[in-house]
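> Mind looking over this structure? Questions follow.
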Number of protein chains: 2
Amino acid sequence: MSVTIGIDVGGTKIAAGVVDEAGKVIARRRIATAAMHPTAVVAGIVKVAQELLAAAPGVAAVGIGAAGLIDGEHGIVLSAPNIAWENVPLRAMVSDRIKLPVVIDNDANVAALGESLYGAGEGYGDQIMVTVGTGVGGGIVIGREIYRGARGVGAELGHMIIDASSAATCACGNTGDLEALASGNSIGRRARERVNEAGAADVLKRAAGDVSAITGELVGEAAIAGDEWASAILDETGHWLGVGLANFVNIFDPEVLIIAGGAATGTGELLLGPARASMAERIIGHAWRTPPPVLAAALGYDAGLVGAAALARGTK
Amino acid sequence: MSVTIGIDVGGTKIAAGVVDEAGKVIARRRIATAAMHPTAVVAGIVKVAQELLAAAPGVAAVGIGAAGLIDGEHGIVLSAPNIAWENVPLRAMVSDRIKLPVVIDNDANVAALGESLYGAGEGYGDQIMVTVGTGVGGGIVIGREIYRGARGVGAELGHMIIDASSAATCACGNTGDLEALASGNSIGRRARERVNEAGAADVLKRAAGDVSAITGELVGEAAIAGDEWASAILDETGHWLGVGLANFVNIFDPEVLIIAGGAATGTGELLLGPARASMAERIIGHAWRTPPPVLAAALGYDAGLVGAAALARGTK
């Protein structure tokens with residue numbers, strides 16, 4: 001049975017694994033990445049890859065998922081603002097060292113591929129994955145392949161503008177895009193803006209009275225514990241997520257929508273319930289048409305490395 | 001050389017033609033359709049098809065583009081609100097009469113295919129066509145094929161919400177979708193809302209002083225004639241079109257965007273210029289990335305029938 005290595009390169013960690021054809025992770029490595037410079041990150045990638053190659057023989061290829069705009073065809077990270085990379089030839093830098101074929105792609109793309117093959121999307125056809133974490137990422141899987149567009153920089157689903165008149169701005173410069181309105185960051189922002197409301201007492205207490213310490217994660221924890229004020233903020237965020245999902249349904253008519261990321265999967269139905277309701281109202285033909293299922297992702301943090309490994313195997 | 005028939009079924013006319021492999025229309029028929037009932041429309045389709053079959057021998061198949069949500073796989077018009085059709089088995093109704101293979105699809109889809117093969121999109125890869133007419137329609141061509149989604153009802157690009165807080169409503173029930181903000185109808189609506197402004201004099205005069213007679217078309221004519229107030233309305237409409245186009249670029253990363261429909265092609269750069277500018281500002285990576293070209297459609301009203309004929313030929 002052929003095995004490949006999948007590597008998920010994030011802002012703070014490199015998570016890697018040897019993955020078999022069934023999507024099972026048969027060996028793992030994970031290291032923290034303090035440094036952001038390409039040379040240091042490549043050294044980390046090579047280190048985990050070499051350890052895994054020693055642990056599990058027979059690896060045919062390596063797949064890497066990394067944040068940013070990526071030209072997979074030429075193996076280049078065009079732009080990764082979070083780690084200040086521009087035009088880094090990541091594929092060559094890694095393959096020169098480990099002497100194996102290497103493929104690279106956007107982290108959200110490979111996560112969507114992983115979920116579609118082995119996770120919540122398994123068995124469904126064309127699908128859209130939206131990752132609601134600190135920001136909002138996305139992946140499009142059409143015909144069991146990642147859809148990337150002409151230059152490989154499509155599927156920037158978080159930057160779809162849904163409420164142009166909104167005051168909420170995104171790091172990309174747009175106002176009222178999905179990331180500005182339905183990310184984990186937006187949950188924290190809403191809570192901080194309304195912290196003077198009476199209902200905010202519990203959340204503020206969780207932040208030890210420090211307004212600036214109120215995060216989306218903390219609001220999510222309060223909501224899960226039963227706090228109504230925090231739940232209302234998740235409800236509003238879910239509403240906006242649903243507006244975005246309705247757009248994706250009207251554009252793609254997918255068989256299923258997968259929602260990943262801590263802000264969504266960690267809060268369960270508190271976010272997904274309102275999102276489904278808001279989406280259903282806004283789908284063309286909603287009077288006679290059943291909305292597609294909106295499912296929580298199933299692979300958690302493994303989606304990226306499993307998907308990267310599948311990409312390396314040429315699984316489409 | 002094999003030829004096929006393409007038929008474009010609109011709300012007021014049936015336009016049909018025999019089309020060769022190069023996309024050239026070698027015979028034409030066009031009839032008005034006063035009646036909307038399926039039986040009457042099918043009789044009209046059969047009439048033009050039989051006339052064309054007599055005029056040009058060797059027709060291998062017939063393609064039909066019709067407005068509405070269409071299940072091409074089963075040959076059924078699921079819903080065509082404008083002509084009050086629900087679950088009409090159009091393909092069988094036509095093929096039973098003309099004894100040739102028939103394919104049916106959404107009119108915007110076949111128009112996008114026609115433009116991609118023989119019009120403004122010729123030579124480009126993945127592309128999005130947005131039709132700005134009375135409403136806003138759309139078609140997605142990926143890998144030289146129409147992208148339809150799981151149930152064939154995707155590519156409803158006009159119903160993508162871009163300004164949810166807007167007061168502008170769409171016939172579909174959504175607020176602030178592309179059709180509400182960037183259609184020919186929206187141009188007329190803006191003009192009527194602002195008719196008390198001093199600059200409105202020329203447009204109002206063109207409507208013979210009747211505010212309710214101010215249409216998008218009339219505003220377009222005034223703008224082309226040099227009226228600044230009318231131009232400003234097209235400029236604002238183009239701005240919203242550009243927001244929608246930016247979303248499509250961020251989602252699809254297409255090689256080209258084609259804009260069809262009278263409201264866009266009839267007003268030339270007055271609408272497309274502002275749309276391009278607004279789009280360029282909102283594309284991810286716009287600081288280092290060249291926006292894809294935004295081109296006016298080239299085939300005019302022939303796009304639908306040429307695309308339907310290409311679909312019938314199995315051209316993908």
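Convention: chains lettered A, B, ... in structure tokens order; per-chain residue numbering from 1; ligands numbered from 1 as shown.
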Which residues of chain A come within 6 Å of chain B, and what is each one's closest atom pair and distance in Å (one decimal), counting only C-alpha atoms, sorted by chain and residue number, as JSON lines?

{"residue": "A:Gly149", "atom": "CA", "partner": "B:Asp253", "partner_atom": "CA", "distance": 4.6}
{"residue": "A:Ala150", "atom": "CA", "partner": "B:Pro254", "partner_atom": "CA", "distance": 5.4}
{"residue": "A:Gly154", "atom": "CA", "partner": "B:Asp253", "partner_atom": "CA", "distance": 4.4}
{"residue": "A:Ala155", "atom": "CA", "partner": "B:Ile251", "partner_atom": "CA", "distance": 4.5}
{"residue": "A:Glu156", "atom": "CA", "partner": "B:Asn250", "partner_atom": "CA", "distance": 5.2}
{"residue": "A:Leu157", "atom": "CA", "partner": "B:Ile251", "partner_atom": "CA", "distance": 5.6}
{"residue": "A:Met160", "atom": "CA", "partner": "B:Asn247", "partner_atom": "CA", "distance": 4.9}
{"residue": "A:Ile161", "atom": "CA", "partner": "B:Ile162", "partner_atom": "CA", "distance": 5.5}
{"residue": "A:Ile162", "atom": "CA", "partner": "B:Ile162", "partner_atom": "CA", "distance": 4.1}
{"residue": "A:Asp163", "atom": "CA", "partner": "B:Asp163", "partner_atom": "CA", "distance": 3.9}
{"residue": "A:Ala164", "atom": "CA", "partner": "B:Asp163", "partner_atom": "CA", "distance": 4.8}
{"residue": "A:Asn247", "atom": "CA", "partner": "B:Met160", "partner_atom": "CA", "distance": 4.9}
{"residue": "A:Asn250", "atom": "CA", "partner": "B:Glu156", "partner_atom": "CA", "distance": 5.2}
{"residue": "A:Ile251", "atom": "CA", "partner": "B:Ala155", "partner_atom": "CA", "distance": 4.5}
{"residue": "A:Phe252", "atom": "CA", "partner": "B:Gly154", "partner_atom": "CA", "distance": 4.8}
{"residue": "A:Asp253", "atom": "CA", "partner": "B:Gly154", "partner_atom": "CA", "distance": 4.4}
{"residue": "A:Pro254", "atom": "CA", "partner": "B:Ala150", "partner_atom": "CA", "distance": 5.4}
{"residue": "A:Glu255", "atom": "CA", "partner": "B:Ala150", "partner_atom": "CA", "distance": 5.5}
> So that I can check the surroundings of A:Ala84, please list as a list in words every protein, DNA and RNA residue that reaches within 10 Å of it, counting only C-alpha atoms and ignoring chain neighbours fewer than 6 positions away.
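The neighbour list is Met36, His37, Pro38 and Gly68 of chain A.
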> Those residues with N, CA and C atoms, as an mmCIF file, in the first residue's frame please?

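Written out: out-v9.cif:
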data_model
loop_
_atom_site.group_PDB
_atom_site.id
_atom_site.type_symbol
_atom_site.label_atom_id
_atom_site.label_comp_id
_atom_site.auth_asym_id
_atom_site.auth_seq_id
_atom_site.Cartn_x
_atom_site.Cartn_y
_atom_site.Cartn_z
ATOM 1 N N MET A 36 9.901 32.723 11.463
ATOM 2 C CA MET A 36 9.037 32.777 10.293
ATOM 3 C C MET A 36 9.835 32.802 9.001
ATOM 4 N N HIS A 37 11.151 32.989 9.080
ATOM 5 C CA HIS A 37 11.939 33.115 7.862
ATOM 6 C C HIS A 37 11.886 31.817 7.073
ATOM 7 N N PRO A 38 11.771 31.924 5.738
ATOM 8 C CA PRO A 38 11.663 30.710 4.921
ATOM 9 C C PRO A 38 12.739 29.668 5.211
ATOM 10 N N GLY A 68 -1.555 31.184 2.601
ATOM 11 C CA GLY A 68 -1.143 32.200 1.628
ATOM 12 C C GLY A 68 -1.573 31.873 0.218
#
> As an MDAnalysis selection string, list the residues of stretch 85-286 of chain B assigned to strand (DSSP E or B) by DSSP on the backbone atoms of this structure.
chainID B and resid 85:88 102:106 127:132 136:142 145:146 161 163 169 175 177 256:260
> Which polymer residues have any atom within 7 Å of an atom of A:Val203, counting only C-alpha atoms, with same-chain residues fewer than 3 positions away left out, as a ChimeraX atom specification?
/A:200,206-207,219,222
> Could you work out how far atom CA of B:Tyr301 lies from atom CA of B:Ala61, giving the answer in Å with one decimal?
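Interatomic distance here is 21.0 Å.
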> Which residues, written as a ChimeraX atom specification, have at least one atom at most 7 Å from B:Ala263, with only C-alpha atoms counted and residues fewer than 6 positions away on the same chain left out?
/B:132-133,184,217
> List the spatial neighbours of A:Pro89 as a ChimeraX atom specification - criterion: any atom at most 6 Å away, only C-alpha atoms, same-chain residues fewer than 2 positions off excluded.
/A:75-76,91-92
> Residues of the last selection are to be written out with N, CA and C atoms, as a PDB file, in the first residue's frame.

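What landed in again_36.pdb:
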ATOM      1  N   GLY A  75       5.262  25.746  -7.812  1.00  0.00           N
ATOM      2  CA  GLY A  75       5.788  25.432  -6.490  1.00  0.00           C
ATOM      3  C   GLY A  75       6.216  26.629  -5.667  1.00  0.00           C
ATOM      4  N   ILE A  76       5.520  27.755  -5.883  1.00  0.00           N
ATOM      5  CA  ILE A  76       5.951  29.009  -5.245  1.00  0.00           C
ATOM      6  C   ILE A  76       4.881  29.557  -4.302  1.00  0.00           C
ATOM      7  N   ARG A  91       8.613  24.641  -2.921  1.00  0.00           N
ATOM      8  CA  ARG A  91       8.701  23.248  -3.395  1.00  0.00           C
ATOM      9  C   ARG A  91      10.140  22.843  -3.665  1.00  0.00           C
ATOM     10  N   ALA A  92      10.858  23.681  -4.401  1.00  0.00           N
ATOM     11  CA  ALA A  92      12.253  23.356  -4.732  1.00  0.00           C
ATOM     12  C   ALA A  92      13.126  23.334  -3.474  1.00  0.00           C
TER      13      ALA A  92
END
> Stretch 5-183 of chain A: which residues are helix (DSSP H, G or I) by DSSP, as a ChimeraX atom specification?
/A:38-55,81-83,90-98,107-118,157-159,178-182
> Would you output that residue set with C-alpha atoms, as a short mmCIF file (atom, residue, chain, number, x, y, z; two decimals), in the first residue's frame?

data_model
loop_
_atom_site.label_atom_id
_atom_site.label_comp_id
_atom_site.auth_asym_id
_atom_site.auth_seq_id
_atom_site.Cartn_x
_atom_site.Cartn_y
_atom_site.Cartn_z
CA PRO A 38 11.66 30.71 4.92
CA THR A 39 15.06 29.16 5.62
CA ALA A 40 14.08 28.31 9.19
CA VAL A 41 10.64 27.02 8.19
CA VAL A 42 12.14 24.87 5.44
CA ALA A 43 14.64 23.48 7.95
CA GLY A 44 11.70 22.52 10.18
CA ILE A 45 9.83 20.92 7.28
CA VAL A 46 12.90 18.93 6.24
CA LYS A 47 13.48 17.82 9.83
CA VAL A 48 9.98 16.37 10.32
CA ALA A 49 10.03 14.85 6.84
CA GLN A 50 13.36 13.10 7.44
CA GLU A 51 12.19 11.77 10.80
CA LEU A 52 9.04 10.41 9.20
CA LEU A 53 11.00 8.90 6.30
CA ALA A 54 13.14 7.07 8.83
CA ALA A 55 10.11 5.91 10.80
CA PRO A 81 1.15 38.03 4.57
CA ASN A 82 0.90 36.41 8.01
CA ILE A 83 4.51 35.26 7.86
CA LEU A 90 9.06 26.39 -1.29
CA ARG A 91 8.70 23.25 -3.39
CA ALA A 92 12.25 23.36 -4.73
CA MET A 93 13.68 24.34 -1.34
CA VAL A 94 12.18 21.21 0.21
CA SER A 95 12.59 18.72 -2.65
CA ASP A 96 16.26 19.65 -3.08
CA ARG A 97 16.83 18.50 0.48
CA ILE A 98 14.68 15.40 0.80
CA ASP A 107 -3.65 25.03 3.48
CA ALA A 108 -7.39 25.56 3.14
CA ASN A 109 -7.39 23.82 -0.24
CA VAL A 110 -5.66 20.70 1.06
CA ALA A 111 -7.89 20.65 4.17
CA ALA A 112 -10.96 20.77 1.91
CA LEU A 113 -9.53 17.89 -0.13
CA GLY A 114 -8.84 15.91 3.04
CA GLU A 115 -12.37 16.39 4.39
CA SER A 116 -13.87 15.57 1.00
CA LEU A 117 -12.00 12.26 0.71
CA TYR A 118 -11.87 11.04 4.30
CA LEU A 157 -13.95 32.46 0.10
CA GLY A 158 -13.40 34.54 3.23
CA HIS A 159 -12.97 37.65 1.14
CA LEU A 178 -17.17 37.03 5.19
CA GLU A 179 -13.99 37.19 7.27
CA ALA A 180 -14.93 40.59 8.69
CA LEU A 181 -18.39 39.36 9.64
CA ALA A 182 -18.18 35.65 10.40
#
> So, counting only C-alpha atoms, which residue among A:Leu272, A:Ala277, A:Arg192, A:Ala223 is closest to A:Asp210?
A:Arg192
> So the first atom is atom CA of A:Gly143 and the second is atom CA of B:Ala309; what is the distance between them in Å, to one decimal place?
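That distance, rounded to one decimal, is 25.2 Å.
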> What's the 8 Å shell around A:Arg189, counting only C-alpha atoms, without same-chain residues fewer than 4 positions away, as a count of residues only?
4
> For A:Gly58, list every protein, DNA or RNA residue within 12 Å, evaluated using only C-alpha atoms, and leave out those in the same chain fewer than 5 positions away; present the list as a ChimeraX atom specification.
/A:1-5,18-20,52-53,100
> Could you write out the selected residues, including C-alpha atoms, as an mmCIF file, in the first residue's frame?

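Everything below was put into out_10.cif:
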data_model
loop_
_atom_site.group_PDB
_atom_site.id
_atom_site.type_symbol
_atom_site.label_atom_id
_atom_site.label_comp_id
_atom_site.auth_asym_id
_atom_site.auth_seq_id
_atom_site.Cartn_x
_atom_site.Cartn_y
_atom_site.Cartn_z
ATOM 1 C CA MET A 1 0.000 0.000 0.000
ATOM 2 C CA SER A 2 1.517 3.300 -1.005
ATOM 3 C CA VAL A 3 2.058 5.948 1.616
ATOM 4 C CA THR A 4 2.823 9.646 1.359
ATOM 5 C CA ILE A 5 3.756 12.396 3.779
ATOM 6 C CA VAL A 18 2.697 9.565 7.025
ATOM 7 C CA VAL A 19 -0.717 8.816 5.553
ATOM 8 C CA ASP A 20 -1.930 5.662 3.837
ATOM 9 C CA LEU A 52 9.038 10.413 9.199
ATOM 10 C CA LEU A 53 11.001 8.898 6.300
ATOM 11 C CA LEU A 100 11.422 13.185 -3.212
#
> Looking at only C-alpha atoms, which of B:Ile224, B:Ala171, B:Ile26, B:Met129 is the one that sits closest to B:Gly261?
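Under the stated criterion, the closest residue is B:Met129.
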> In Å, with one decimal, what is the gap from atom CA of B:Val77 to atom CA of B:Ile7?
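Going from atom CA of B:Val77 over to atom CA of B:Ile7 covers 14.9 Å.
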> Taking into account only C-alpha atoms, which residue in the set A:Gly123, A:Asn87, A:Gly220, A:Ala312 is nearest to A:Gly266?
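Of all the options, A:Gly220 lies closest to A:Gly266.
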